[in-house]
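Beneath this line is the structure, given in structure tokens, with notes to follow.
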Amino acid sequence: MRKGEKLEIIIEGIDYPNKPYGFYGGKKVFPQGNAIIGQKIAGYTTKVRKDKIEIKRLETIEKASNEIDPKCTYFNSCGGCTYQNLSYEDQVDLKTSQVYKLLKNNIKSEYILEKTIESPNQFEYRNKMEFTFGNSEKDGPLTLGLHKKGSFYDIINVNNCQLMDDDFRKILDLSVNYFANKNLPFYHKMTHEGYLRNLVIRKGDKTKELLVNLITSTQLTFDMTEWLEMILGLNLTSKIIGVLHTLNDNVADTVNSEKEIILFGSRDIHEEIFDLDFRISPYSFFQTNSLGVEKLYEKVLDYVNESATDDKVVFDLFSGTGTIGQIVSKMTNASNVYGIELVEEAVNKANENVRLNGLENCKFISGDVFTKLDEFDAEGIEPDVIILDPPRVGVGEKALTKILKYNVKNIVYVSCNPKSLAQDLRLLEMNGYAVEKVCCVDMFPQTPHVETVVLMSRISGCK
């Protein structure tokens, strides 16, 4: 087998996250892009190794027996969705099996795998969309949308995207048409020249509040008054409570705020989770599925309530904007909840929300988890239960080694990345903990992503 040869394979499995494979001549074959189990595809080899082959997908020769027509017109060109050609039931089964396979290959505990919790909505569930200005082909007209599948530079308009609601579509349409008529240049990632960079829209599902944030460079000066008036004049279901103009000259392809201009209203929106009110800043992390996050936090509460005794001290590590910690402080018998988060803005917002919700047994601290735990030790503060909700890279050996010294009876681990979860669980298991229960929560329908909640208990007699 040489590079450039054409071959056909049947997709026999999908490794997390979204890595389909088949077999040819006894070697595992990985095609580029999306595929589902049962499809027969053809492609040209791009890499041939001793134990694997990579191919550039050419065509689908046969559909899978359970394949359905995707709802979204952009499915084959946009990189946002992966599994729209599967029924939702099949999507959930696939994600659950991927998590189970990763855990099976990494841990030894005999645990209860609970039924996966499904998202209340399979479409139009996103409360945040981050769009990029660009073009879909070189020297083409201005576009505003998401990256073309497999491309770093090409941007396609997604005004009929099925993951967002009609309010998002109206704001997107108006903005791209307006700025195209003004002939304003978009910011080129390669040359770092241009003006228009991003449009970010956030909403509160329950509060029906909308925040619109336009991000540009400072390479031009443009009066946003007309655009603002047109945005505020849209007939929307939710209410726009803030419009921002953020200036960003950072060369990184991320939304950064070097200067922020409030064009209208407030810079924050509110969202309600259970009976708590959360104020969300333009750049703070907040789960993108507001209705789904209640399902996630219900499972966290279940596991915390199974843990330890009354008046327990809870550590909420990698706490972000503090949603989990505040919910635990109000809805369990915890005497005190302490959260630690590296991002200072997130901590400031978390403590602001603590005051907003009138919680007296909850406090959030900014800093590195490892360092701040040392400070807690110096003050004689020790946990009865630890909640871990780390970023995608996981907790890591350094912080886990420190956490293990507390010898707590229970750890509740919330993960957005089953790969790093499995690695961390293996280390915890090697140091005297056993996995008791695992529950997947599908927060991101149509995509390969899934949240997982794990309850771990210290094995009796281990220290």
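Letters A, B, ... mark the chains of the structure tokens in the order given; residue numbers begin at 1 per chain; ligand numbers begin at 1, in order shown.
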- Item | A:Phe186 surroundings by only C-alpha atoms, 10 Å radius, close-in-sequence under 6 positions cut, as a list in words | Thr132, Phe133, Gly134, Asn135, Leu142, Thr143, Leu144, Phe179, Ala180, His192, Glu193, Gly194, Tyr195, Leu196, Arg197, Asn198, Thr216 and Ser217 of chain A
- Item | Exercise: A:Glu62 partners within 8 Å, only C-alpha atoms, chain neighbours under 5 positions left out, as a count of residues only | 3
- Query: Contacts of stretch 97-103 of chain A at 12 Å or less, counting only C-alpha atoms, minus same-chain residues fewer than 2 places along, as a ChimeraX atom specification?
  - Reply: /A:13-20,90-95,105-116,415-426,429,435,437-442,448-454
Any chance you could list, as a short mmCIF file (atom, residue, chain, number, x, y, z; two decimals) with C-alpha atoms, in the first residue's frame, the residues in stretch 215-255 of chain A that come up helix (DSSP H, G or I) when DSSP is run on the backbone?
data_model
loop_
_atom_site.label_atom_id
_atom_site.label_comp_id
_atom_site.auth_asym_id
_atom_site.auth_seq_id
_atom_site.Cartn_x
_atom_site.Cartn_y
_atom_site.Cartn_z
CA THR A 225 -24.84 54.06 15.48
CA GLU A 226 -26.76 52.91 12.40
CA TRP A 227 -25.97 49.24 12.97
CA LEU A 228 -26.98 49.56 16.62
CA GLU A 229 -30.32 51.15 15.73
CA MET A 230 -31.04 48.37 13.23
CA ILE A 231 -30.13 45.68 15.77
CA LEU A 232 -32.41 47.23 18.40
#
- Note on the structure: Using only C-alpha atoms, the shortest atom-to-atom distance to A:Phe286 among A:Gly233, A:Gly394, A:Gly79, A:Gly204 belongs to A:Gly204
Neighbour list for stretch 153-158 of chain A as a tab-separated table (two decimals) with all heavy atoms, in the first residue's frame, cut-off 12 Å, only C-alpha atoms, skip fewer than 3 positions in-chain:
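File around-v3.tsv, as written:
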chain	number	residue	atom	x	y	z
A	72	CYS	N	-30.04	20.05	9.02
A	72	CYS	CA	-29.39	21.31	8.68
A	72	CYS	C	-28.81	21.25	7.27
A	72	CYS	O	-28.17	20.26	6.88
A	72	CYS	CB	-28.28	21.61	9.68
A	72	CYS	SG	-27.47	23.20	9.42
A	73	THR	N	-28.98	22.32	6.51
A	73	THR	CA	-28.48	22.38	5.13
A	73	THR	C	-26.96	22.51	5.08
A	73	THR	O	-26.36	22.28	4.04
A	73	THR	CB	-29.11	23.57	4.39
A	73	THR	OG1	-28.84	24.77	5.14
A	73	THR	CG2	-30.60	23.40	4.25
A	74	TYR	N	-26.34	22.87	6.21
A	74	TYR	CA	-24.88	23.07	6.23
A	74	TYR	C	-24.13	21.84	6.74
A	74	TYR	O	-22.91	21.89	6.91
A	74	TYR	CB	-24.52	24.26	7.12
A	74	TYR	CG	-25.30	25.51	6.83
A	74	TYR	CD1	-26.18	26.03	7.77
A	74	TYR	CD2	-25.18	26.17	5.61
A	74	TYR	CE1	-26.91	27.17	7.52
A	74	TYR	CE2	-25.90	27.31	5.35
A	74	TYR	CZ	-26.77	27.81	6.30
A	74	TYR	OH	-27.50	28.94	6.04
A	75	PHE	N	-24.82	20.76	6.98
A	75	PHE	CA	-24.20	19.64	7.68
A	75	PHE	C	-22.93	19.14	6.99
A	75	PHE	O	-21.95	18.81	7.65
A	75	PHE	CB	-25.20	18.50	7.82
A	75	PHE	CG	-24.62	17.26	8.45
A	75	PHE	CD1	-24.24	17.27	9.79
A	75	PHE	CD2	-24.41	16.11	7.70
A	75	PHE	CE1	-23.69	16.13	10.38
A	75	PHE	CE2	-23.86	14.98	8.28
A	75	PHE	CZ	-23.49	14.99	9.62
A	76	ASN	N	-22.92	19.06	5.68
A	76	ASN	CA	-21.77	18.51	4.97
A	76	ASN	C	-20.65	19.52	4.76
A	76	ASN	O	-19.56	19.15	4.31
A	76	ASN	CB	-22.20	17.93	3.62
A	76	ASN	CG	-23.04	16.68	3.79
A	76	ASN	OD1	-22.72	15.82	4.59
A	76	ASN	ND2	-24.13	16.59	3.04
A	77	SER	N	-20.90	20.79	5.06
A	77	SER	CA	-19.87	21.80	4.84
A	77	SER	C	-19.40	22.49	6.11
A	77	SER	O	-18.25	22.94	6.20
A	77	SER	CB	-20.39	22.87	3.86
A	77	SER	OG	-21.61	23.42	4.32
A	78	CYS	N	-20.24	22.56	7.14
A	78	CYS	CA	-19.90	23.24	8.39
A	78	CYS	C	-19.24	22.27	9.36
A	78	CYS	O	-19.58	21.09	9.40
A	78	CYS	CB	-21.16	23.83	9.02
A	78	CYS	SG	-20.94	24.46	10.68
A	79	GLY	N	-18.29	22.77	10.14
A	79	GLY	CA	-17.61	21.93	11.11
A	79	GLY	C	-18.28	21.86	12.46
A	79	GLY	O	-17.73	21.28	13.40
A	80	GLY	N	-19.46	22.46	12.60
A	80	GLY	CA	-20.10	22.55	13.91
A	80	GLY	C	-20.76	21.27	14.38
A	80	GLY	O	-20.67	20.91	15.55
A	81	CYS	N	-21.43	20.55	13.49
A	81	CYS	CA	-22.15	19.33	13.86
A	81	CYS	C	-21.46	18.10	13.30
A	81	CYS	O	-20.74	18.18	12.30
A	81	CYS	CB	-23.59	19.37	13.35
A	81	CYS	SG	-24.65	20.49	14.26
A	129	MET	N	-23.38	31.76	20.77
A	129	MET	CA	-22.78	31.45	19.48
A	129	MET	C	-21.68	32.48	19.22
A	129	MET	O	-21.89	33.69	19.38
A	129	MET	CB	-23.82	31.50	18.36
A	129	MET	CG	-24.87	30.41	18.41
A	129	MET	SD	-24.23	28.73	18.12
A	129	MET	CE	-23.79	28.80	16.38
A	130	GLU	N	-20.54	31.99	18.79
A	130	GLU	CA	-19.41	32.86	18.47
A	130	GLU	C	-19.13	32.74	16.98
A	130	GLU	O	-18.64	31.73	16.50
A	130	GLU	CB	-18.18	32.44	19.28
A	130	GLU	CG	-16.96	33.31	19.08
A	130	GLU	CD	-15.80	32.90	19.97
A	130	GLU	OE1	-16.02	32.80	21.20
A	130	GLU	OE2	-14.70	32.67	19.44
A	131	PHE	N	-19.45	33.79	16.24
A	131	PHE	CA	-19.31	33.80	14.79
A	131	PHE	C	-18.03	34.54	14.40
A	131	PHE	O	-17.57	35.44	15.10
A	131	PHE	CB	-20.50	34.47	14.13
A	131	PHE	CG	-21.83	33.84	14.48
A	131	PHE	CD1	-22.76	34.55	15.24
A	131	PHE	CD2	-22.15	32.57	14.04
A	131	PHE	CE1	-23.98	33.98	15.57
A	131	PHE	CE2	-23.37	32.00	14.36
A	131	PHE	CZ	-24.29	32.71	15.12
A	132	THR	N	-17.50	34.18	13.23
A	132	THR	CA	-16.28	34.80	12.71
A	132	THR	C	-16.57	35.45	11.36
A	132	THR	O	-17.26	34.86	10.52
A	132	THR	CB	-15.17	33.75	12.55
A	132	THR	OG1	-14.91	33.15	13.82
A	132	THR	CG2	-13.89	34.38	12.03
A	133	PHE	N	-16.03	36.66	11.15
A	133	PHE	CA	-16.10	37.31	9.84
A	133	PHE	C	-15.00	36.73	8.94
A	133	PHE	O	-13.89	36.43	9.39
A	133	PHE	CB	-15.90	38.82	9.96
A	133	PHE	CG	-17.07	39.55	10.54
A	133	PHE	CD1	-17.13	39.84	11.90
A	133	PHE	CD2	-18.12	39.97	9.73
A	133	PHE	CE1	-18.20	40.53	12.45
A	133	PHE	CE2	-19.20	40.67	10.27
A	133	PHE	CZ	-19.24	40.94	11.63
A	134	GLY	N	-15.31	36.59	7.66
A	134	GLY	CA	-14.31	36.09	6.72
A	134	GLY	C	-14.92	35.97	5.34
A	134	GLY	O	-15.81	36.73	4.96
A	135	ASN	N	-14.44	34.99	4.58
A	135	ASN	CA	-15.07	34.65	3.30
A	135	ASN	C	-14.95	33.15	3.11
A	135	ASN	O	-14.13	32.47	3.72
A	135	ASN	CB	-14.48	35.42	2.12
A	135	ASN	CG	-12.97	35.28	2.02
A	135	ASN	OD1	-12.37	34.40	2.61
A	135	ASN	ND2	-12.35	36.16	1.25
A	136	SER	N	-15.81	32.62	2.26
A	136	SER	CA	-15.85	31.16	2.07
A	136	SER	C	-14.87	30.70	1.01
A	136	SER	O	-14.61	29.51	0.87
A	136	SER	CB	-17.26	30.70	1.70
A	136	SER	OG	-17.68	31.33	0.50
A	137	GLU	N	-14.33	31.65	0.25
A	137	GLU	CA	-13.30	31.36	-0.76
A	137	GLU	C	-12.47	32.62	-0.96
A	137	GLU	O	-12.90	33.73	-0.63
A	137	GLU	CB	-13.93	30.92	-2.07
A	137	GLU	CG	-14.92	31.92	-2.64
A	137	GLU	CD	-15.68	31.40	-3.85
A	137	GLU	OE1	-15.74	30.18	-4.02
A	137	GLU	OE2	-16.19	32.23	-4.61
A	138	LYS	N	-11.28	32.46	-1.47
A	138	LYS	CA	-10.38	33.60	-1.65
A	138	LYS	C	-11.02	34.68	-2.50
A	138	LYS	O	-11.57	34.41	-3.58
A	138	LYS	CB	-9.07	33.13	-2.30
A	138	LYS	CG	-8.01	34.22	-2.34
A	138	LYS	CD	-6.70	33.69	-2.92
A	138	LYS	CE	-5.65	34.81	-2.95
A	138	LYS	NZ	-4.36	34.32	-3.52
A	139	ASP	N	-10.96	35.92	-1.99
A	139	ASP	CA	-11.52	37.10	-2.65
A	139	ASP	C	-13.04	37.04	-2.81
A	139	ASP	O	-13.62	37.80	-3.59
A	139	ASP	CB	-10.87	37.31	-4.04
A	139	ASP	CG	-9.36	37.49	-3.95
A	139	ASP	OD1	-8.91	38.14	-2.97
A	139	ASP	OD2	-8.64	37.00	-4.83
A	140	GLY	N	-13.68	36.15	-2.07
A	140	GLY	CA	-15.13	36.06	-2.13
A	140	GLY	C	-15.79	37.14	-1.28
A	140	GLY	O	-15.12	37.89	-0.56
A	141	PRO	N	-17.13	37.23	-1.30
A	141	PRO	CA	-17.85	38.24	-0.52
A	141	PRO	C	-17.73	37.97	0.98
A	141	PRO	O	-17.41	36.86	1.41
A	141	PRO	CB	-19.29	38.10	-1.00
A	141	PRO	CG	-19.39	36.69	-1.50
A	141	PRO	CD	-18.05	36.37	-2.08
A	142	LEU	N	-18.02	39.01	1.76
A	142	LEU	CA	-17.96	38.90	3.21
A	142	LEU	C	-18.94	37.84	3.72
A	142	LEU	O	-20.09	37.79	3.31
A	142	LEU	CB	-18.28	40.25	3.85
A	142	LEU	CG	-18.22	40.30	5.39
A	142	LEU	CD1	-16.76	40.23	5.86
A	142	LEU	CD2	-18.88	41.57	5.92
A	143	THR	N	-18.44	37.00	4.61
A	143	THR	CA	-19.30	36.04	5.28
A	143	THR	C	-19.19	36.24	6.80
A	143	THR	O	-18.25	36.85	7.29
A	143	THR	CB	-18.92	34.59	4.94
A	143	THR	OG1	-17.54	34.38	5.30
A	143	THR	CG2	-19.10	34.30	3.47
A	144	LEU	N	-20.16	35.71	7.51
A	144	LEU	CA	-20.15	35.74	8.97
A	144	LEU	C	-20.77	34.43	9.44
A	144	LEU	O	-21.94	34.17	9.19
A	144	LEU	CB	-20.95	36.93	9.51
A	144	LEU	CG	-21.14	37.01	11.03
A	144	LEU	CD1	-19.80	37.10	11.75
A	144	LEU	CD2	-22.01	38.21	11.40
A	145	GLY	N	-19.97	33.62	10.06
A	145	GLY	CA	-20.51	32.32	10.46
A	145	GLY	C	-19.48	31.46	11.15
A	145	GLY	O	-18.74	31.93	12.02
A	146	LEU	N	-19.41	30.18	10.74
A	146	LEU	CA	-18.54	29.21	11.37
A	146	LEU	C	-17.51	28.69	10.35
A	146	LEU	O	-17.67	28.87	9.15
A	146	LEU	CB	-19.37	28.04	11.91
A	146	LEU	CG	-20.45	28.39	12.91
A	146	LEU	CD1	-21.24	27.15	13.31
A	146	LEU	CD2	-19.88	29.08	14.15
A	147	HIS	N	-16.48	28.05	10.86
A	147	HIS	CA	-15.42	27.54	9.99
A	147	HIS	C	-15.95	26.41	9.11
A	147	HIS	O	-16.71	25.56	9.56
A	147	HIS	CB	-14.26	27.01	10.83
A	147	HIS	CG	-13.44	28.09	11.44
A	147	HIS	ND1	-12.34	28.64	10.82
A	147	HIS	CD2	-13.55	28.75	12.62
A	147	HIS	CE1	-11.81	29.58	11.59
A	147	HIS	NE2	-12.54	29.67	12.69
A	148	LYS	N	-15.53	26.46	7.86
A	148	LYS	CA	-15.84	25.35	6.96
A	148	LYS	C	-15.15	24.09	7.49
A	148	LYS	O	-14.06	24.15	8.05
A	148	LYS	CB	-15.34	25.67	5.56
A	148	LYS	CG	-15.72	24.65	4.50
A	148	LYS	CD	-15.17	25.04	3.13
A	148	LYS	CE	-15.89	26.26	2.57
A	148	LYS	NZ	-15.44	26.55	1.18
A	149	LYS	N	-15.79	22.97	7.32
A	149	LYS	CA	-15.26	21.71	7.81
A	149	LYS	C	-13.84	21.48	7.30
A	149	LYS	O	-13.57	21.54	6.10
A	149	LYS	CB	-16.18	20.56	7.38
A	149	LYS	CG	-15.85	19.22	7.98
A	149	LYS	CD	-16.85	18.17	7.53
A	149	LYS	CE	-18.24	18.46	8.05
A	149	LYS	NZ	-19.21	17.39	7.67
A	150	GLY	N	-12.91	21.27	8.23
A	150	GLY	CA	-11.53	20.98	7.87
A	150	GLY	C	-10.72	22.17	7.44
A	150	GLY	O	-9.60	22.01	6.94
A	161	CYS	N	-28.54	27.70	10.76
A	161	CYS	CA	-28.00	26.72	11.72
A	161	CYS	C	-29.09	26.27	12.68
A	161	CYS	O	-29.83	27.08	13.24
A	161	CYS	CB	-26.84	27.35	12.49
A	161	CYS	SG	-26.23	26.34	13.86
A	162	GLN	N	-29.18	24.95	12.88
A	162	GLN	CA	-30.25	24.38	13.70
A	162	GLN	C	-29.92	24.29	15.18
A	162	GLN	O	-30.76	23.88	15.98
A	162	GLN	CB	-30.62	23.00	13.17
A	162	GLN	CG	-31.16	23.01	11.75
A	162	GLN	CD	-32.43	23.84	11.63
A	162	GLN	OE1	-33.43	23.55	12.29
A	162	GLN	NE2	-32.40	24.85	10.78
A	163	LEU	N	-28.69	24.66	15.56
A	163	LEU	CA	-28.34	24.64	16.98
A	163	LEU	C	-28.71	25.94	17.68
A	163	LEU	O	-28.69	26.01	18.91
A	163	LEU	CB	-26.84	24.38	17.16
A	163	LEU	CG	-26.30	23.07	16.61
A	163	LEU	CD1	-24.87	22.85	17.08
A	163	LEU	CD2	-27.18	21.89	17.02
A	164	MET	N	-29.04	26.99	16.92
A	164	MET	CA	-29.41	28.28	17.50
A	164	MET	C	-30.83	28.63	17.09
A	164	MET	O	-31.38	28.09	16.12
A	164	MET	CB	-28.44	29.36	17.03
A	164	MET	CG	-28.43	29.59	15.53
A	164	MET	SD	-27.17	30.79	15.04
A	164	MET	CE	-27.48	30.93	13.28
A	165	ASP	N	-31.43	29.56	17.84
A	165	ASP	CA	-32.82	29.90	17.56
A	165	ASP	C	-32.92	31.06	16.57
A	165	ASP	O	-31.91	31.60	16.10
A	165	ASP	CB	-33.59	30.19	18.85
A	165	ASP	CG	-33.12	31.45	19.57
A	165	ASP	OD1	-32.56	32.35	18.92
A	165	ASP	OD2	-33.33	31.53	20.80
A	166	ASP	N	-34.14	31.46	16.27
A	166	ASP	CA	-34.39	32.44	15.21
A	166	ASP	C	-33.86	33.83	15.56
A	166	ASP	O	-33.50	34.60	14.67
A	166	ASP	CB	-35.90	32.51	14.92
A	166	ASP	CG	-36.19	33.05	13.54
A	166	ASP	OD1	-35.48	32.65	12.59
A	166	ASP	OD2	-37.09	33.89	13.39
A	168	PHE	N	-31.01	34.51	17.01
A	168	PHE	CA	-29.61	34.49	16.59
A	168	PHE	C	-29.51	34.68	15.08
A	168	PHE	O	-28.65	35.41	14.58
A	168	PHE	CB	-28.96	33.16	16.97
A	168	PHE	CG	-28.61	33.03	18.43
A	168	PHE	CD1	-29.60	32.82	19.39
A	168	PHE	CD2	-27.30	33.08	18.85
A	168	PHE	CE1	-29.28	32.68	20.73
A	168	PHE	CE2	-26.96	32.94	20.20
A	168	PHE	CZ	-27.96	32.74	21.13
A	169	ARG	N	-30.38	33.98	14.35
A	169	ARG	CA	-30.34	34.04	12.88
A	169	ARG	C	-30.62	35.46	12.38
A	169	ARG	O	-29.97	35.94	11.45
A	169	ARG	CB	-31.36	33.06	12.29
A	169	ARG	CG	-31.10	31.61	12.68
A	169	ARG	CD	-32.08	30.67	11.99
A	169	ARG	NE	-31.97	29.33	12.57
A	169	ARG	CZ	-32.90	28.75	13.32
A	169	ARG	NH1	-34.05	29.38	13.56
A	169	ARG	NH2	-32.72	27.54	13.81
A	170	LYS	N	-31.57	36.14	13.00
A	170	LYS	CA	-31.92	37.50	12.58
A	170	LYS	C	-30.76	38.46	12.82
A	170	LYS	O	-30.45	39.31	11.98
A	170	LYS	CB	-33.17	37.97	13.31
A	170	LYS	CG	-34.45	37.28	12.87
A	170	LYS	CD	-35.66	37.76	13.68
A	170	LYS	CE	-36.94	37.07	13.23
A	170	LYS	NZ	-38.12	37.51	14.03
A	171	ILE	N	-30.13	38.35	13.98
A	171	ILE	CA	-28.99	39.23	14.29
A	171	ILE	C	-27.82	38.94	13.36
A	171	ILE	O	-27.14	39.85	12.88
A	171	ILE	CB	-28.59	39.05	15.77
A	171	ILE	CG1	-29.72	39.51	16.69
A	171	ILE	CG2	-27.31	39.84	16.08
A	171	ILE	CD1	-29.52	39.14	18.14
A	172	LEU	N	-27.59	37.66	13.08
A	172	LEU	CA	-26.51	37.26	12.17
A	172	LEU	C	-26.76	37.80	10.77
A	172	LEU	O	-25.86	38.42	10.16
A	172	LEU	CB	-26.43	35.73	12.14
A	172	LEU	CG	-25.45	35.11	11.14
A	172	LEU	CD1	-24.01	35.40	11.55
A	172	LEU	CD2	-25.68	33.60	11.04
A	173	ASP	N	-27.95	37.61	10.24
A	173	ASP	CA	-28.29	38.06	8.90
A	173	ASP	C	-28.13	39.56	8.76
A	173	ASP	O	-27.53	40.07	7.81
A	173	ASP	CB	-29.73	37.67	8.55
A	173	ASP	CG	-29.81	36.30	7.92
A	173	ASP	OD1	-28.77	35.78	7.49
A	173	ASP	OD2	-30.93	35.74	7.87
A	175	SER	N	-26.38	41.64	10.50
A	175	SER	CA	-25.00	42.12	10.67
A	175	SER	C	-24.15	41.87	9.43
A	175	SER	O	-23.43	42.75	8.96
A	175	SER	CB	-24.37	41.45	11.89
A	175	SER	OG	-25.07	41.81	13.06
A	176	VAL	N	-24.21	40.65	8.88
A	176	VAL	CA	-23.37	40.37	7.72
A	176	VAL	C	-23.80	41.20	6.51
A	176	VAL	O	-22.96	41.70	5.75
A	176	VAL	CB	-23.36	38.86	7.39
A	176	VAL	CG1	-24.71	38.37	6.90
A	176	VAL	CG2	-22.26	38.55	6.38
A	177	ASN	N	-25.11	41.38	6.33
A	177	ASN	CA	-25.59	42.18	5.20
A	177	ASN	C	-25.22	43.64	5.37
A	177	ASN	O	-24.81	44.32	4.40
A	177	ASN	CB	-27.10	42.03	5.05
A	177	ASN	CG	-27.50	40.64	4.59
A	177	ASN	OD1	-26.75	39.96	3.90
A	177	ASN	ND2	-28.69	40.20	4.98
A	186	PHE	N	-12.76	42.27	6.55
A	186	PHE	CA	-12.64	41.39	7.72
A	186	PHE	C	-11.16	41.23	8.08
A	186	PHE	O	-10.26	41.50	7.29
A	186	PHE	CB	-13.28	40.03	7.46
A	186	PHE	CG	-12.58	39.18	6.43
A	186	PHE	CD1	-11.53	38.33	6.79
A	186	PHE	CD2	-12.98	39.21	5.09
A	186	PHE	CE1	-10.89	37.54	5.84
A	186	PHE	CE2	-12.34	38.42	4.15
A	186	PHE	CZ	-11.30	37.59	4.52
A	187	TYR	N	-10.91	40.80	9.29
A	187	TYR	CA	-9.55	40.62	9.82
A	187	TYR	C	-8.98	39.31	9.30
A	187	TYR	O	-9.52	38.24	9.56
A	187	TYR	CB	-9.60	40.63	11.34
A	187	TYR	CG	-8.25	40.51	12.02
A	187	TYR	CD1	-7.49	41.65	12.30
A	187	TYR	CD2	-7.75	39.28	12.42
A	187	TYR	CE1	-6.26	41.56	12.93
A	187	TYR	CE2	-6.53	39.17	13.06
A	187	TYR	CZ	-5.79	40.32	13.32
A	187	TYR	OH	-4.58	40.22	13.96
A	188	HIS	N	-7.87	39.40	8.57
A	188	HIS	CA	-7.24	38.21	8.00
A	188	HIS	C	-6.32	37.57	9.03
A	188	HIS	O	-5.42	38.22	9.56
A	188	HIS	CB	-6.44	38.58	6.75
A	188	HIS	CG	-7.29	38.96	5.58
A	188	HIS	ND1	-7.55	38.11	4.54
A	188	HIS	CD2	-7.96	40.12	5.30
A	188	HIS	CE1	-8.34	38.71	3.65
A	188	HIS	NE2	-8.60	39.93	4.09
A	189	LYS	N	-6.53	36.30	9.29
A	189	LYS	CA	-5.72	35.60	10.29
A	189	LYS	C	-4.26	35.49	9.89
A	189	LYS	O	-3.37	35.43	10.75
A	189	LYS	CB	-6.30	34.21	10.54
A	189	LYS	CG	-7.71	34.20	11.09
A	189	LYS	CD	-8.17	32.77	11.31
A	189	LYS	CE	-9.62	32.73	11.78
A	189	LYS	NZ	-10.54	33.11	10.67
A	190	MET	N	-3.98	35.45	8.59
A	190	MET	CA	-2.61	35.27	8.15
A	190	MET	C	-1.84	36.59	8.13
A	190	MET	O	-0.71	36.67	8.63
A	190	MET	CB	-2.58	34.64	6.75
A	190	MET	CG	-1.18	34.32	6.25
A	190	MET	SD	-1.18	33.49	4.65
A	190	MET	CE	-1.91	31.92	5.08
A	191	THR	N	-2.44	37.64	7.60
A	191	THR	CA	-1.74	38.93	7.48
A	191	THR	C	-1.95	39.82	8.70
A	191	THR	O	-1.23	40.80	8.88
A	191	THR	CB	-2.24	39.68	6.24
A	191	THR	OG1	-3.63	40.01	6.40
A	191	THR	CG2	-2.06	38.84	4.98
A	197	ARG	N	-13.91	41.17	13.15
A	197	ARG	CA	-13.35	39.92	13.65
A	197	ARG	C	-14.44	38.91	14.04
A	197	ARG	O	-14.52	37.83	13.49
A	197	ARG	CB	-12.43	40.19	14.85
A	197	ARG	CG	-11.24	41.06	14.51
A	197	ARG	CD	-10.15	41.02	15.56
A	197	ARG	NE	-9.51	39.70	15.63
A	197	ARG	CZ	-8.32	39.49	16.18
A	197	ARG	NH1	-7.63	40.50	16.70
A	197	ARG	NH2	-7.81	38.27	16.22
A	198	ASN	N	-15.26	39.25	15.02
A	198	ASN	CA	-16.24	38.28	15.53
A	198	ASN	C	-17.55	38.97	15.91
A	198	ASN	O	-17.60	40.16	16.16
A	198	ASN	CB	-15.71	37.56	16.78
A	198	ASN	CG	-14.41	36.85	16.56
A	198	ASN	OD1	-13.35	37.41	16.84
A	198	ASN	ND2	-14.44	35.63	16.04
A	253	ASP	N	-6.31	33.88	17.41
A	253	ASP	CA	-7.65	33.74	16.86
A	253	ASP	C	-8.65	33.38	17.96
A	253	ASP	O	-9.31	32.35	17.95
A	253	ASP	CB	-7.66	32.65	15.78
A	253	ASP	CG	-8.99	32.56	15.05
A	253	ASP	OD1	-9.67	33.59	14.96
A	253	ASP	OD2	-9.34	31.45	14.61
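The shortest atom-to-atom distance to A:Asn235, with only C-alpha atoms taken into account, belongs to A:Asp167 out of A:Asn213, A:Ile262, A:Lys206, A:Asp167.
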- Neighbours of stretch 359-376 of chain A within 7 Å (only C-alpha atoms; same-chain residues fewer than 5 positions away dropped), as a ChimeraX atom specification? /A:317,326,329,335-344,347,350-351,354,381,399,402
- Item | Non-local contacts of A:Met1 (9 Å; only C-alpha atoms; under 4 positions in same chain excluded) as a list in words | Glu5, Thr45 and Val48 of chain A
- Task: Give me the residues within 12 Å of A:Lys50 as a ChimeraX atom specification, counting only C-alpha atoms and dropping any in the same chain fewer than 4 places off.
- Result: /A:1-2,25-29,54
